[in-house]
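Chemist: Let me begin by handing over the structure; questions about it come next.
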2 protein chains.
Amino acid sequence: MKKLINDVETMLSESLDGFTTAHADIVALGEGSQFVRRRTPKPGKVALISGGGSGHEPLHTGFVGHGMLDAACPGQVFTSPTPDQMLAAAQSVDTGAGVLFIVKNYSGDMMNFQMAAEMLDCDNETVVVNDDVAVENSTYTTGRRGVAGTLVVEKVLGAAAERGQSLRQLKQLGDAVNKATASMGVALTSCTVPAAGKPTFQIGADEMEMGVGIHGEPGRRRIKLASADDIAHELTGAILKDLLKAGQQVLLLVNGFGGTPMLELYLMVNAVHKVLAGHQVKVARHLTGSYVTSLEMAGCSVTVSALDEAQLALWDAPVHTAALRWGM
Amino acid sequence: MKKLINDVETMLSESLDGFTTAHADIVALGEGSQFVRRRTPKPGKVALISGGGSGHEPLHTGFVGHGMLDAACPGQVFTSPTPDQMLAAAQSVDTGAGVLFIVKNYSGDMMNFQMAAEMLDCDNETVVVNDDVAVENSTYTTGRRGVAGTLVVEKVLGAAAERGQSLRQLKQLGDAVNKATASMGVALTSCTVPAAGKPTFQIGADEMEMGVGIHGEPGRRRIKLASADDIAHELTGAILKDLLKAGQQVLLLVNGFGGTPMLELYLMVNAVHKVLAGHQVKVARHLTGSYVTSLEMAGCSVTVSALDEAQLALWDAPVHTAALRWGM
């Protein structure tokens with residue numbers, strides 16, 4: 001295992017120390033390193049909290065700040081954070097308007113966020129993200145997995161919360177954005193979880209995993225390495241089937257899994273555009289980069305989000321986090 | 001070779017098409033895909049042009065826009081762009097105040113940018129970046145290599161040009177920032193140039209290349225994989241030796257080479273901080289991420305830039321590019 005670490009046991013806390021040092025103008029580390037919170041809470045605003053296993057950075061800690069999350073709870077690599085972490089985060093950032101949890105659909109996260117919600121003595125709601133159209137049920141999931149579409153849900157909800165929307169409005173908006181968002185990914189290599197010390201899965205030198213999950217979970221099928229155009233056709237085709245009607249305008253997120261260069265990601269943007277154009281789907285907004293990763297896994301996912309005008313305006317609204325920043 | 005591509009021959013042009021489509025609000029593709037230019041030139045401003053081999057994205061195309069570059073000329077992967085490209089870019093973005101070329105110190109780039117400068121019939125100057133303290137002379141270089149410090153030079157000069165500094169002032173400022181900037185990197189794995197189809201160098205499962213170049217060029221020595229703290233000590237130590245006096249304040253860029261997760265990069269930030277603190281060096285600004293890459297190589301570089309207050313203010317000034325964006 002080749003990683004820039006000192007000790008598997010302290011890896012996460014050392015990385016969080018570096019993160020909060022580098023972004024001290026935006027975030028602060030919660031007590032006992034249980035969570036990362038927005039440095040300056042905004043009174044009267046619904047607090048948005050997400051979290052999940054580490055190893056997907058910049059998700060979620062990189063999305064804490066103005067116009068996005070109020071706190072993020074990082075678990076160990078690919079391991080759910082505990083209810084205690086979520087509870088501590090909620091108590092730290094709630095300013096009286098209630099707490100909205102944004103949870104990716106994995107059994108561990110779902111159970112722990114639900115426990116935290118039950119223990120919490122303030123008004124709260126939960127939005128579950130399950131945008132991955134690759135498979136129903138998976139290694140760690142009942143139903144669909146939550147993947148890169150989570151970024152879109154967090155950004156749109158973050159802007160809406162900043163504008164003063166109520167907990168009930170945000171819950172409704174979050175469910176709507178999740179429903180309008182679909183993703184699918186492909187892996188060319190495996191990732192290596194530090195505590196395991198070896199690749200999560202074995203894959204041949206000429207193979208790829210079509211429909212892979214963001215923890216290296218199996219997808220739809222293991223096939224021979226295909227061209228970027230063929231990959232774009234299969235990923236986007238599955239998404240279109242799930243989601244879209246011709247003539248729609250969409251947000252397109254081409255997301256790297258951690259080990260794929262920007263040169264290839266932009267080539268995929270070009271390839272996906274050709275497929276979308278063939279279906280009369282217009283791309284109104286773009287985001288390209290490694291935002292929801294699987295450690296150093298090579299590959300990418302395509303996320304399409306059919307946002308309406310009001311939701312696109314929330315996407316465009318100012319954001320100031322470690323990983324997304326515009327308009328301020 | 002596992003890459004998201006259709007054809008090695010068309011890889012660069014397809015990627016540039018995707019890039020300019022995704023960022024059409026910021027950039028436009030020059031004639032014949034020879035260069036990427038700022039969408040809206042600013043009359044009366046000195047035009048800043050950089051370029052070099054592709055495979056280091058987001059450098060340089062990702063730094064075209066308000067407050068940074070006016071144009072970037074991408075060569076094929078790890079291959080210098082041609083003088084024709086630079087000339088076409090200069091003629092496209094010069095608005096009469098002259099052209100400043102920012103060139104990383106590699107023999108091919110130096111020769112081609114010099115030819116372009118000689119052919120150009122407008123006032124022009126060149127700033128050469130050679131921040132890599134790892135080795136004197138290298139595979140493609142006489143003297144020191146230009147690496148991630150190029151980003152710092154481009155950002156500071158971009159802000160100064162935006163504020164109306166003259167060509168002579170910018171040349172002087174660029175040389176000063178280059179002199180105040182030092183970098184060194186380490187590779188855990190090789191990269192694979194698409195046209196070569198195989199890894200640039202072989203490296204054992206327990207080895208790393210200390211002082212590696214951004215094309216996988218040899219560094220100081222091939223050694224056993226060390227801890228993050230030991231790596232930070234060696235990289236930062238070499239930089240401090242070259243650059244710093246105790247009590248200085250600096251900008252710290254921890255840069256990923258393309259295959260290293262943010263989790264590890266932030267851990268390195270923490271490790272480098274400890275070393276700098278031991279030398280009474282205060283980090284005034286941070287940038288962390290994969291900005292000057294070597295395709296999918298795993299590893300990172302540390303760049304320290306001892307900027308003065310005026311230069312730090314230029315670093316902080318608004319920038320709106322595909323890869324760096326703040327203050328607007």
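By convention in this document, the chains of the structure tokens carry letters A, B, ... by their order, each chain's residues are numbered from 1, and ligands are numbered from 1 in the order they are shown.
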Set the cut-off to 6 Å and count only C-alpha atoms: what are the residues of chain A that reach chain B? Output as a ChimeraX atom specification.

Modeler: /A:4-6,14-15,18-19,22,57,227-228,258-259,261-264,266-267,269-270,286,295-296,327-328

Chemist: Extract, using only C-alpha atoms, all DNA, RNA and protein residues at most 10 Å from segment 155-172 of chain B, discarding same-chain residues fewer than 2 positions from it, and format them as number ranges by chain.

Modeler: B: 42, 44-49, 63-70, 97-102, 123-128, 150-153, 174-177, 307, 310-319, 324

Chemist: How far is it from atom CA of Arg221 of chain A to atom CA of Ala277 of chain A, in Å with one decimal?

Modeler: 26.5 Å

Chemist: Could you tell me how far atom CA of Ala148 of chain B sits from atom CA of Leu29 of chain B, in Å to one decimal place?

Modeler: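 So the answer is 24.4 Å.
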
Chemist: Could you check which of B:Ser190, B:Thr95, B:Gln249, B:Ser183 is closest to Leu235 of chain B, using only C-alpha atoms?

Modeler: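 The answer is B:Ser183, which sits nearest to Leu235 of chain B.
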
Chemist: Interatomic distance between atom CA of Gly146 of chain B and atom CA of Ile239 of chain B?

Modeler: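 These atoms are spaced 14.2 Å apart.
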
Chemist: When DSSP is applied to the backbone of this structure, which of segment 61-256 of chain B are assigned strand (DSSP E)? Write them out as a compact mmCIF listing (two decimals) with all heavy atoms, in the first residue's frame.

Modeler:
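The new file out_16.txt reads:
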# COMPACT_ATOMS: atom_id res chain seq x y z
N ALA B 71 -4.01 33.84 -22.11
CA ALA B 71 -4.03 32.70 -23.02
C ALA B 71 -3.07 31.63 -22.51
O ALA B 71 -2.10 31.92 -21.81
CB ALA B 71 -3.64 33.12 -24.43
N ALA B 72 -3.36 30.38 -22.89
CA ALA B 72 -2.48 29.25 -22.60
C ALA B 72 -2.38 28.40 -23.85
O ALA B 72 -3.37 28.17 -24.54
CB ALA B 72 -3.04 28.42 -21.45
N CYS B 73 -1.15 27.94 -24.13
CA CYS B 73 -0.89 27.12 -25.31
C CYS B 73 -0.57 25.70 -24.87
O CYS B 73 0.51 25.46 -24.31
CB CYS B 73 0.30 27.67 -26.10
SG CYS B 73 0.12 29.40 -26.53
N PRO B 74 -1.48 24.76 -25.09
CA PRO B 74 -1.22 23.38 -24.69
C PRO B 74 -0.52 22.59 -25.79
O PRO B 74 -1.02 22.50 -26.91
CB PRO B 74 -2.62 22.83 -24.43
CG PRO B 74 -3.53 23.65 -25.28
CD PRO B 74 -2.83 24.93 -25.65
N GLY B 75 0.64 22.03 -25.47
CA GLY B 75 1.28 21.09 -26.38
C GLY B 75 0.67 19.71 -26.21
O GLY B 75 -0.21 19.52 -25.38
N GLN B 76 1.11 18.76 -27.01
CA GLN B 76 0.73 17.38 -26.75
C GLN B 76 1.25 16.99 -25.36
O GLN B 76 2.01 17.73 -24.75
CB GLN B 76 1.31 16.45 -27.83
CG GLN B 76 0.68 16.65 -29.21
CD GLN B 76 -0.80 16.29 -29.26
OE1 GLN B 76 -1.22 15.30 -28.67
NE2 GLN B 76 -1.60 17.12 -29.94
N VAL B 77 0.83 15.83 -24.85
CA VAL B 77 1.20 15.45 -23.49
C VAL B 77 2.72 15.46 -23.30
O VAL B 77 3.44 14.80 -24.05
CB VAL B 77 0.62 14.06 -23.14
CG1 VAL B 77 1.15 13.58 -21.79
CG2 VAL B 77 -0.91 14.12 -23.10
N VAL B 99 3.09 41.87 -24.38
CA VAL B 99 2.84 40.48 -24.02
C VAL B 99 3.92 39.99 -23.06
O VAL B 99 5.11 40.21 -23.29
CB VAL B 99 2.85 39.59 -25.29
CG1 VAL B 99 2.88 38.11 -24.93
CG2 VAL B 99 1.64 39.91 -26.17
N LEU B 100 3.50 39.35 -21.98
CA LEU B 100 4.45 38.71 -21.07
C LEU B 100 4.28 37.20 -21.16
O LEU B 100 3.18 36.67 -20.93
CB LEU B 100 4.22 39.17 -19.62
CG LEU B 100 5.23 38.63 -18.62
CD1 LEU B 100 6.58 39.34 -18.76
CD2 LEU B 100 4.73 38.77 -17.19
N PHE B 101 5.36 36.51 -21.52
CA PHE B 101 5.34 35.04 -21.54
C PHE B 101 5.82 34.52 -20.18
O PHE B 101 6.82 35.01 -19.64
CB PHE B 101 6.28 34.50 -22.63
CG PHE B 101 5.82 34.80 -24.04
CD1 PHE B 101 6.56 35.63 -24.86
CD2 PHE B 101 4.66 34.23 -24.54
CE1 PHE B 101 6.15 35.90 -26.17
CE2 PHE B 101 4.24 34.49 -25.84
CZ PHE B 101 4.98 35.32 -26.65
N ILE B 102 5.09 33.54 -19.66
CA ILE B 102 5.52 32.86 -18.42
C ILE B 102 5.87 31.43 -18.81
O ILE B 102 5.00 30.66 -19.25
CB ILE B 102 4.41 32.89 -17.36
CG1 ILE B 102 4.00 34.36 -17.08
CG2 ILE B 102 4.88 32.21 -16.07
CD1 ILE B 102 2.75 34.50 -16.23
N VAL B 103 7.14 31.08 -18.66
CA VAL B 103 7.66 29.83 -19.22
C VAL B 103 8.31 28.99 -18.12
O VAL B 103 9.15 29.49 -17.37
CB VAL B 103 8.71 30.13 -20.31
CG1 VAL B 103 9.17 28.84 -20.99
CG2 VAL B 103 8.15 31.10 -21.35
N LYS B 104 7.92 27.74 -18.04
CA LYS B 104 8.60 26.82 -17.13
C LYS B 104 9.93 26.42 -17.76
O LYS B 104 10.02 26.20 -18.97
CB LYS B 104 7.75 25.56 -16.89
CG LYS B 104 6.36 25.86 -16.32
CD LYS B 104 5.65 24.63 -15.78
CE LYS B 104 5.38 23.54 -16.81
NZ LYS B 104 4.54 23.99 -17.96
N ASN B 124 7.49 42.64 -25.85
CA ASN B 124 7.28 41.44 -25.04
C ASN B 124 8.44 41.14 -24.11
O ASN B 124 9.57 41.57 -24.35
CB ASN B 124 6.97 40.23 -25.94
CG ASN B 124 8.14 39.82 -26.79
OD1 ASN B 124 9.03 39.10 -26.34
ND2 ASN B 124 8.18 40.29 -28.05
N GLU B 125 8.14 40.45 -23.05
CA GLU B 125 9.12 40.01 -22.07
C GLU B 125 8.81 38.57 -21.69
O GLU B 125 7.70 38.09 -21.95
CB GLU B 125 9.04 40.88 -20.79
CG GLU B 125 9.51 42.30 -20.95
CD GLU B 125 11.04 42.44 -20.89
OE1 GLU B 125 11.73 41.40 -20.81
OE2 GLU B 125 11.52 43.58 -20.95
N THR B 126 9.79 37.91 -21.07
CA THR B 126 9.59 36.53 -20.63
C THR B 126 10.02 36.37 -19.18
O THR B 126 11.10 36.82 -18.80
CB THR B 126 10.40 35.56 -21.52
OG1 THR B 126 9.91 35.66 -22.87
CG2 THR B 126 10.27 34.13 -21.04
N VAL B 127 9.17 35.75 -18.38
CA VAL B 127 9.53 35.34 -17.02
C VAL B 127 9.71 33.83 -17.03
O VAL B 127 8.81 33.10 -17.44
CB VAL B 127 8.45 35.75 -16.00
CG1 VAL B 127 8.71 35.10 -14.65
CG2 VAL B 127 8.39 37.27 -15.87
N VAL B 128 10.89 33.39 -16.61
CA VAL B 128 11.17 31.95 -16.54
C VAL B 128 10.98 31.47 -15.11
O VAL B 128 11.49 32.09 -14.17
CB VAL B 128 12.61 31.66 -17.02
CG1 VAL B 128 12.93 30.17 -16.89
CG2 VAL B 128 12.79 32.13 -18.45
N VAL B 129 10.24 30.39 -14.95
CA VAL B 129 10.02 29.82 -13.61
C VAL B 129 10.91 28.59 -13.44
O VAL B 129 10.91 27.70 -14.29
CB VAL B 129 8.54 29.45 -13.39
CG1 VAL B 129 8.33 28.96 -11.96
CG2 VAL B 129 7.64 30.63 -13.70
N THR B 181 10.25 31.70 -4.46
CA THR B 181 9.41 30.49 -4.48
C THR B 181 10.27 29.24 -4.69
O THR B 181 11.10 29.21 -5.59
CB THR B 181 8.36 30.60 -5.61
OG1 THR B 181 7.57 31.78 -5.38
CG2 THR B 181 7.47 29.39 -5.67
N ALA B 182 10.04 28.24 -3.85
CA ALA B 182 10.79 26.99 -3.99
C ALA B 182 9.86 25.80 -3.79
O ALA B 182 8.92 25.85 -2.99
CB ALA B 182 11.93 26.95 -2.98
N SER B 183 10.15 24.73 -4.53
CA SER B 183 9.29 23.54 -4.52
C SER B 183 10.14 22.28 -4.51
O SER B 183 11.29 22.29 -4.98
CB SER B 183 8.42 23.50 -5.79
OG SER B 183 7.62 24.65 -5.93
N MET B 184 9.54 21.20 -4.03
CA MET B 184 10.14 19.87 -4.23
C MET B 184 9.04 18.82 -4.10
O MET B 184 8.10 19.00 -3.32
CB MET B 184 11.28 19.62 -3.26
CG MET B 184 12.09 18.37 -3.58
SD MET B 184 13.69 18.36 -2.72
CE MET B 184 13.81 16.65 -2.23
N GLY B 185 9.16 17.75 -4.87
CA GLY B 185 8.10 16.74 -4.91
C GLY B 185 8.59 15.33 -4.67
O GLY B 185 9.80 15.05 -4.68
N VAL B 186 7.62 14.44 -4.46
CA VAL B 186 7.91 13.02 -4.29
C VAL B 186 6.86 12.21 -5.05
O VAL B 186 5.69 12.59 -5.07
CB VAL B 186 7.92 12.64 -2.79
CG1 VAL B 186 6.54 12.80 -2.16
CG2 VAL B 186 8.43 11.22 -2.59
N ALA B 187 7.30 11.14 -5.72
CA ALA B 187 6.36 10.28 -6.45
C ALA B 187 6.32 8.90 -5.81
O ALA B 187 7.35 8.34 -5.45
CB ALA B 187 6.78 10.16 -7.91
N GLU B 207 8.87 1.51 -2.83
CA GLU B 207 9.81 2.60 -3.12
C GLU B 207 9.11 3.91 -3.45
O GLU B 207 7.96 3.92 -3.87
CB GLU B 207 10.69 2.23 -4.32
CG GLU B 207 11.70 1.13 -4.07
CD GLU B 207 12.51 0.85 -5.33
OE1 GLU B 207 11.97 0.99 -6.46
OE2 GLU B 207 13.68 0.49 -5.18
N MET B 208 9.86 4.99 -3.34
CA MET B 208 9.38 6.29 -3.82
C MET B 208 10.55 7.05 -4.44
O MET B 208 11.71 6.76 -4.16
CB MET B 208 8.76 7.09 -2.67
CG MET B 208 9.71 7.39 -1.54
SD MET B 208 8.85 8.27 -0.20
CE MET B 208 10.25 8.69 0.84
N GLU B 209 10.21 8.01 -5.31
CA GLU B 209 11.23 8.82 -5.98
C GLU B 209 11.23 10.20 -5.33
O GLU B 209 10.31 11.01 -5.52
CB GLU B 209 10.91 8.92 -7.48
CG GLU B 209 11.93 9.70 -8.31
CD GLU B 209 13.27 8.99 -8.46
OE1 GLU B 209 13.31 7.75 -8.41
OE2 GLU B 209 14.29 9.70 -8.60
N MET B 210 12.27 10.47 -4.56
CA MET B 210 12.36 11.73 -3.82
C MET B 210 12.96 12.81 -4.71
O MET B 210 14.07 12.66 -5.20
CB MET B 210 13.23 11.49 -2.58
CG MET B 210 13.47 12.69 -1.70
SD MET B 210 11.96 13.44 -1.04
CE MET B 210 11.46 12.22 0.18
N ARG B 221 16.95 10.81 -5.27
CA ARG B 221 17.27 9.42 -4.97
C ARG B 221 16.00 8.59 -4.88
O ARG B 221 14.92 9.08 -4.62
CB ARG B 221 18.06 9.33 -3.65
CG ARG B 221 17.36 10.00 -2.49
CD ARG B 221 18.35 10.42 -1.38
NE ARG B 221 17.61 11.05 -0.30
CZ ARG B 221 17.30 10.46 0.84
NH1 ARG B 221 17.71 9.23 1.10
NH2 ARG B 221 16.59 11.07 1.77
N ARG B 222 16.19 7.31 -5.15
CA ARG B 222 15.12 6.33 -5.03
C ARG B 222 15.26 5.67 -3.67
O ARG B 222 16.29 5.04 -3.40
CB ARG B 222 15.29 5.29 -6.15
CG ARG B 222 14.27 4.17 -6.16
CD ARG B 222 12.91 4.66 -6.58
NE ARG B 222 12.87 5.27 -7.90
CZ ARG B 222 12.61 4.61 -9.03
NH1 ARG B 222 12.38 3.32 -9.01
NH2 ARG B 222 12.56 5.24 -10.19
N ILE B 223 14.26 5.82 -2.81
CA ILE B 223 14.38 5.27 -1.46
C ILE B 223 13.13 4.50 -1.05
O ILE B 223 12.12 4.54 -1.75
CB ILE B 223 14.65 6.38 -0.41
CG1 ILE B 223 13.62 7.50 -0.54
CG2 ILE B 223 16.06 6.92 -0.56
CD1 ILE B 223 13.73 8.57 0.54
N LYS B 224 13.22 3.83 0.07
CA LYS B 224 12.08 3.09 0.60
C LYS B 224 10.98 4.08 1.00
O LYS B 224 11.27 5.18 1.49
CB LYS B 224 12.49 2.26 1.83
CG LYS B 224 13.47 1.14 1.52
CD LYS B 224 12.80 -0.01 0.78
CE LYS B 224 13.83 -1.06 0.37
NZ LYS B 224 13.32 -1.96 -0.69
N GLN B 249 6.90 35.01 6.78
CA GLN B 249 5.56 34.46 6.54
C GLN B 249 5.49 34.05 5.07
O GLN B 249 6.09 34.69 4.21
CB GLN B 249 4.46 35.45 6.91
CG GLN B 249 4.36 36.67 6.04
CD GLN B 249 3.11 37.49 6.35
OE1 GLN B 249 2.34 37.13 7.23
NE2 GLN B 249 2.92 38.56 5.63
N VAL B 250 4.78 32.96 4.84
CA VAL B 250 4.81 32.36 3.50
C VAL B 250 3.43 31.91 3.04
O VAL B 250 2.50 31.77 3.84
CB VAL B 250 5.74 31.11 3.49
CG1 VAL B 250 7.16 31.49 3.89
CG2 VAL B 250 5.19 30.00 4.37
N LEU B 251 3.37 31.66 1.74
CA LEU B 251 2.24 30.95 1.15
C LEU B 251 2.68 29.49 1.01
O LEU B 251 3.79 29.21 0.55
CB LEU B 251 1.95 31.55 -0.23
CG LEU B 251 0.83 30.96 -1.07
CD1 LEU B 251 0.32 32.04 -2.03
CD2 LEU B 251 1.26 29.75 -1.88
N LEU B 252 1.81 28.56 1.42
CA LEU B 252 2.11 27.13 1.31
C LEU B 252 1.15 26.47 0.33
O LEU B 252 -0.05 26.49 0.52
CB LEU B 252 1.99 26.46 2.68
CG LEU B 252 2.04 24.92 2.68
CD1 LEU B 252 3.38 24.41 2.16
CD2 LEU B 252 1.74 24.36 4.07
N LEU B 253 1.73 25.89 -0.70
CA LEU B 253 0.94 25.11 -1.67
C LEU B 253 1.34 23.64 -1.54
O LEU B 253 2.48 23.27 -1.84
CB LEU B 253 1.22 25.61 -3.09
CG LEU B 253 0.81 24.72 -4.27
CD1 LEU B 253 -0.68 24.41 -4.27
CD2 LEU B 253 1.19 25.36 -5.61
N VAL B 254 0.42 22.82 -1.07
CA VAL B 254 0.63 21.37 -1.11
C VAL B 254 -0.14 20.86 -2.32
O VAL B 254 -1.37 20.95 -2.37
CB VAL B 254 0.17 20.69 0.20
CG1 VAL B 254 0.24 19.17 0.05
CG2 VAL B 254 1.05 21.14 1.36
N ASN B 255 0.60 20.38 -3.29
CA ASN B 255 0.07 20.07 -4.61
C ASN B 255 0.08 18.58 -4.89
O ASN B 255 1.11 17.93 -4.76
CB ASN B 255 0.96 20.79 -5.65
CG ASN B 255 0.61 20.41 -7.08
OD1 ASN B 255 -0.50 20.69 -7.53
ND2 ASN B 255 1.54 19.76 -7.77
N GLY B 256 -1.06 18.03 -5.27
CA GLY B 256 -1.13 16.62 -5.65
C GLY B 256 -0.72 16.43 -7.10
O GLY B 256 -0.98 17.29 -7.94

Chemist: Write out as a ChimeraX atom specification each polymer residue whose atoms come within 12 Å of Ser138 of chain A, counting only C-alpha atoms; drop sequence neighbours fewer than 2 positions from it.

Modeler: /A:105-107,130,132-136,140-146,211-220

Chemist: Please give the complete set of residues from segment 48-276 of chain A that DSSP, run on the backbone, assigns to helix (DSSP H, G or I), formatted as number ranges by chain.

Modeler: A: 61-63, 83-93, 107-119, 149-162, 167-179, 228-243, 262-276
